[in-house]
Amino acid sequence: MPAVKPIGHEDRLSIVDHLDELRSRLILCIIVFVVAFAFCYAENGAILKIINKPFTEAQSSSKNKSSQQQTARFEKALGRASGQLSVTLSALQRTVRDLASQPSVTPAQRAQAAATVAQIARASKAFGLAHAATPTNNGRKPVTLGVAEPFVATFTVAGYAALLLSLPFILYQLYAFLLPAFSPTERKVALPLMLLVPVLFIAGVLFGYLVALPRAVGFLQNFNSDKFDILIQAQVYYKFVVLFLALMGLIFQIPVAVLALTRAGIVNARILWQRQGYVILGISIVAAVATPTPDPITMIVTMLPLILLFELSIGLSYLFQPKGGTITGRWGEWWDEREHTGDEPLPDVDDTTAGAAEDRTPVS
C-alpha cells in the first residue's frame, strides 16, 4: 500500500490494512530521520559551533568576572603587549646600530653597542615568539567530564537537529494517516492546521535562538560571575538549549491551539477579545521567565511576537468559528434531550391523563 498518498474519506479499510499503512508510514519516517541524522552527524562541527555561539559570547562578555575569563583576558592583553614590545625593540635595535656606526664612537663603545644590539635582538625575538604563541581562541566552550561524553553529546545534538529537519515530513505522514477520519469539510480545516504547526514551530525555534537564548544565557552566565568559577558541562548546556528552544516552538503554537479550541466550540473570538488583557499579562510573565534579564527592552522584544500571534489567533478564531459559537450552543440540544436517570425527578404528569391511563376496568 503506498504510504505517501492519503487514503480517501470514502475508502473502507480493515484493521489489518490500517496497521499496514501505519507501518509503512513509520518506516518512511524512520528512513527520512536516518538520512537527516547522517547529514547532521557529518556536519556536527558546524552544528555544535552554532549551538555553542551564545555560550561563547556570554563567556567572553566584559561583564563576566570569573577567574577563567579574567585569565583569558590577561593572556590576550599580554599577547598584544608582547607584539608591541617586539616591534619597539626592533626599532631600538636599529637605532643603537646607527648610533654605533658614527665616526665619533670609540672602538670600546662600538663593541658595547654591538653587544647591546645582540641582546635587544634576542629579546625582540623572544617577545615575537610570545606574541605568536598567544592563544587566539579565547572563547570558552562547554566542558566534558566523562570519557565518552564528547561522543554522546555530539550524537545527541545531531539527533535533535535531525528531528528538527525531518519534522515537516513526519507531520505530513501523521496528517495523511489521520486524513481518512475527516470529512471533506473538516479536511479544509485540518490541512491549514497541519501546515501551520511546523512553520510556527520553526519560527519559534529561530526566534528563540536569535533573540531570546543569547540574552538568557548571557544574563545567567554573568550573574554573580565573580563569586563562582563557571564551568558548564556540555550535556547540561545542550539539554538547556534544547528545552528552551522547544518551549519557544511550543509557545508559537498559540494560533493552532486557539483554532483547534474554536473549531471544538470551546471558545470564540468574542471571548478571546474580552480576555486578552489576562492573556497579555500571562505573556509578559512567560517573557520575563524566558529572558530573565533586568533589561526591559529584551522583555518587550520577546513579548511583541507572542502578542501578535495571539491577535492573529483572534482573527483566525473569527474566520473559522463554527456554527453555534460556544460549546453550549453546539451541544445545547444534546443536554436538553438527555435521558433521565433514577436520581432525577420525574416529569409532572396531569392527574386526569394519569387516571385515564391507569383505569383499565372494562365498561359494561
# chains A, B, ... in the order shown; residues from 1 in each chain; ligands from 1
>>> closest_atom_pairs(of="segment 108-200 of chain A", to="segment 20-43 of chain A", cutoff="6 Å", atoms="only C-alpha atoms", output="Markdown table")
| residue | atom | partner | partner_atom | distance |
| --- | --- | --- | --- | --- |
| A:Ala158 | CA | A:Cys40 | CA | 5.2 |
| A:Gly159 | CA | A:Phe37 | CA | 5.9 |
| A:Ala162 | CA | A:Phe37 | CA | 4.7 |
| A:Ser166 | CA | A:Phe33 | CA | 5.7 |
| A:Ile170 | CA | A:Cys29 | CA | 5.8 |
>>> write_last_selection(atoms="C-alpha atoms", output="compact mmCIF listing (two decimals), in the first residue's frame")
# COMPACT_ATOMS: atom_id res chain seq x y z
CA ALA A 158 22.90 15.55 15.87
CA GLY A 159 19.75 13.60 16.80
CA ALA A 162 17.82 15.63 12.57
CA SER A 166 12.57 15.75 9.48
CA ILE A 170 6.76 13.35 9.96
>>> closest_residue(among="A:Leu48, A:Val242, A:Ala130, A:Val105", to="Ser86 of chain A", atoms="only C-alpha atoms")
A:Ala130
>>> closest_residue(among="A:Ala287, A:Ile280, A:Leu272, A:Ile47", to="Met248 of chain A", atoms="only C-alpha atoms")
A:Ala287
>>> residues_around(residues="Val217 of chain A", least_positions_apart="5", cutoff="10 Å", atoms="only C-alpha atoms", output="VMD selection string")
chain A and resid 54 to 59 212 222 to 223 237 240 to 241 291 to 293
>>> residues_around(residues="Met303 of chain A", least_positions_apart="3", cutoff="8 Å", atoms="only C-alpha atoms", output="JSON list (two decimals) with C-alpha atoms, in the first residue's frame")
[["chain", "number", "residue", "atom", "x", "y", "z"],
["A", 283, "ILE", "CA", 2.58, 36.54, 28.01],
["A", 284, "SER", "CA", 4.55, 39.13, 29.97],
["A", 287, "ALA", "CA", 8.63, 36.56, 28.55],
["A", 299, "MET", "CA", 11.37, 41.60, 27.59],
["A", 300, "ILE", "CA", 9.38, 43.83, 25.22],
["A", 306, "LEU", "CA", 3.71, 36.48, 21.20],
["A", 307, "ILE", "CA", 1.14, 39.27, 21.37]]
>>> select_by_dssp(residues="segment 43-253 of chain A", states="helix (DSSP H, G or I)", output="MDAnalysis selection string")
chainID A and resid 44:59 67:100 107:132 149:181 184:222 225:227 234:251
>>> residues_around(residues="Ser124 of chain A", least_positions_apart="4", cutoff="8 Å", atoms="only C-alpha atoms", output="PDB file with C-alpha atoms, in the first residue's frame")
ATOM      1  CA  LEU A  85      57.241  45.382  22.627  1.00  0.00           C
ATOM      2  CA  SER A  86      58.803  43.210  19.913  1.00  0.00           C
ATOM      3  CA  VAL A  87      58.240  45.960  17.352  1.00  0.00           C
ATOM      4  CA  LEU A  89      62.770  46.553  20.443  1.00  0.00           C
ATOM      5  CA  SER A  90      63.361  46.070  16.719  1.00  0.00           C
ATOM      6  CA  ILE A 120      67.967  43.573  22.015  1.00  0.00           C
ATOM      7  CA  GLY A 128      57.843  37.986  18.977  1.00  0.00           C
TER       8      GLY A 128
END
>>> closest_residue(among="A:Phe207, A:Phe310, A:Tyr160, A:Tyr278", to="Ala257 of chain A", atoms="only C-alpha atoms")
A:Phe310
>>> closest_residue(among="A:Gly204, A:Gly83, A:Pro103, A:Pro214", to="Lys125 of chain A", atoms="only C-alpha atoms")
A:Gly83
>>> closest_residue(among="A:Lys239, A:His131, A:Arg270, A:Lys141", to="Ser82 of chain A", atoms="only C-alpha atoms")
A:His131
>>> residues_around(residues="Ile271 of chain A", least_positions_apart="5", cutoff="12 Å", atoms="only C-alpha atoms", output="NGL selection string")
:A and (258 or 261-262 or 265-266 or 276-279 or 313-314 or 317-318 or 321 or 325-326)
>>> write_last_selection(atoms="N, CA and C atoms", output="short mmCIF file (atom, residue, chain, number, x, y, z; two decimals), in the first residue's frame")
data_model
loop_
_atom_site.label_atom_id
_atom_site.label_comp_id
_atom_site.auth_asym_id
_atom_site.auth_seq_id
_atom_site.Cartn_x
_atom_site.Cartn_y
_atom_site.Cartn_z
N VAL A 258 -5.53 27.79 19.63
CA VAL A 258 -6.77 28.59 19.66
C VAL A 258 -7.71 28.17 18.54
N LEU A 261 -9.38 24.91 19.53
CA LEU A 261 -10.41 25.14 20.55
C LEU A 261 -11.64 25.82 19.94
N THR A 262 -11.38 26.69 18.97
CA THR A 262 -12.51 27.35 18.31
C THR A 262 -13.34 26.36 17.51
N GLY A 265 -15.58 24.40 19.50
CA GLY A 265 -16.69 25.15 20.09
C GLY A 265 -16.47 25.53 21.53
N ILE A 266 -15.23 25.42 22.03
CA ILE A 266 -14.96 25.73 23.44
C ILE A 266 -14.82 27.24 23.65
N GLN A 276 -8.31 39.26 26.50
CA GLN A 276 -6.94 39.45 26.01
C GLN A 276 -6.06 40.18 27.03
N GLY A 277 -6.64 40.94 27.93
CA GLY A 277 -5.84 41.57 28.97
C GLY A 277 -5.16 40.55 29.86
N TYR A 278 -5.90 39.50 30.24
CA TYR A 278 -5.30 38.44 31.06
C TYR A 278 -4.24 37.68 30.26
N VAL A 279 -4.50 37.49 28.97
CA VAL A 279 -3.54 36.78 28.14
C VAL A 279 -2.25 37.57 28.00
N SER A 313 -4.46 34.85 16.39
CA SER A 313 -5.35 33.77 16.82
C SER A 313 -6.79 34.27 16.91
N ILE A 314 -6.98 35.50 17.37
CA ILE A 314 -8.34 36.06 17.44
C ILE A 314 -8.94 36.17 16.04
N SER A 317 -9.80 32.75 14.83
CA SER A 317 -10.99 32.27 15.55
C SER A 317 -12.25 32.87 14.97
N TYR A 318 -12.19 34.12 14.57
CA TYR A 318 -13.37 34.77 13.98
C TYR A 318 -13.70 34.19 12.61
N GLN A 321 -14.81 30.28 13.07
CA GLN A 321 -15.75 29.97 14.14
C GLN A 321 -16.90 29.11 13.60
N GLY A 325 -21.12 28.70 17.78
CA GLY A 325 -20.29 29.55 18.62
C GLY A 325 -19.59 28.81 19.73
N THR A 326 -20.23 28.61 20.87
CA THR A 326 -19.60 28.02 22.03
C THR A 326 -20.02 26.58 22.19
#
>>> atom_distance(atom1="atom CA of Ala91 of chain A", atom2="atom CA of Arg73 of chain A")
27.6 Å
>>> residues_around(residues="Arg94 of chain A", least_positions_apart="6", cutoff="12 Å", atoms="only C-alpha atoms", output="ChimeraX atom specification")
/A:87-88,100-101,113-114,116-118,120-121,124
>>> write_last_selection(atoms="N, CA and C atoms", output="compact mmCIF listing (two decimals), in the first residue's frame")
# COMPACT_ATOMS: atom_id res chain seq x y z
N VAL A 87 58.04 44.93 18.38
CA VAL A 87 58.24 45.96 17.35
C VAL A 87 59.10 47.10 17.88
N THR A 88 58.86 47.50 19.13
CA THR A 88 59.64 48.60 19.74
C THR A 88 61.11 48.22 19.87
N ALA A 100 76.02 53.41 16.78
CA ALA A 100 77.34 52.79 16.89
C ALA A 100 78.18 52.99 15.65
N SER A 101 77.55 53.29 14.54
CA SER A 101 78.29 53.47 13.28
C SER A 101 78.80 54.90 13.09
N ALA A 113 78.07 48.65 22.07
CA ALA A 113 76.82 48.83 21.32
C ALA A 113 76.46 47.56 20.56
N ALA A 114 77.46 46.88 20.01
CA ALA A 114 77.19 45.64 19.29
C ALA A 114 76.62 44.57 20.22
N THR A 116 74.93 45.21 22.94
CA THR A 116 73.57 45.64 23.28
C THR A 116 72.60 45.32 22.16
N VAL A 117 73.06 45.52 20.93
CA VAL A 117 72.21 45.21 19.78
C VAL A 117 71.87 43.72 19.76
N ALA A 118 72.83 42.87 20.08
CA ALA A 118 72.58 41.42 20.10
C ALA A 118 71.56 41.07 21.19
N ILE A 120 69.28 43.07 22.45
CA ILE A 120 67.97 43.57 22.02
C ILE A 120 67.36 42.65 20.96
N ALA A 121 68.19 42.13 20.07
CA ALA A 121 67.69 41.22 19.03
C ALA A 121 67.12 39.95 19.65
N SER A 124 63.85 40.90 21.35
CA SER A 124 62.79 41.13 20.36
C SER A 124 62.28 39.82 19.79
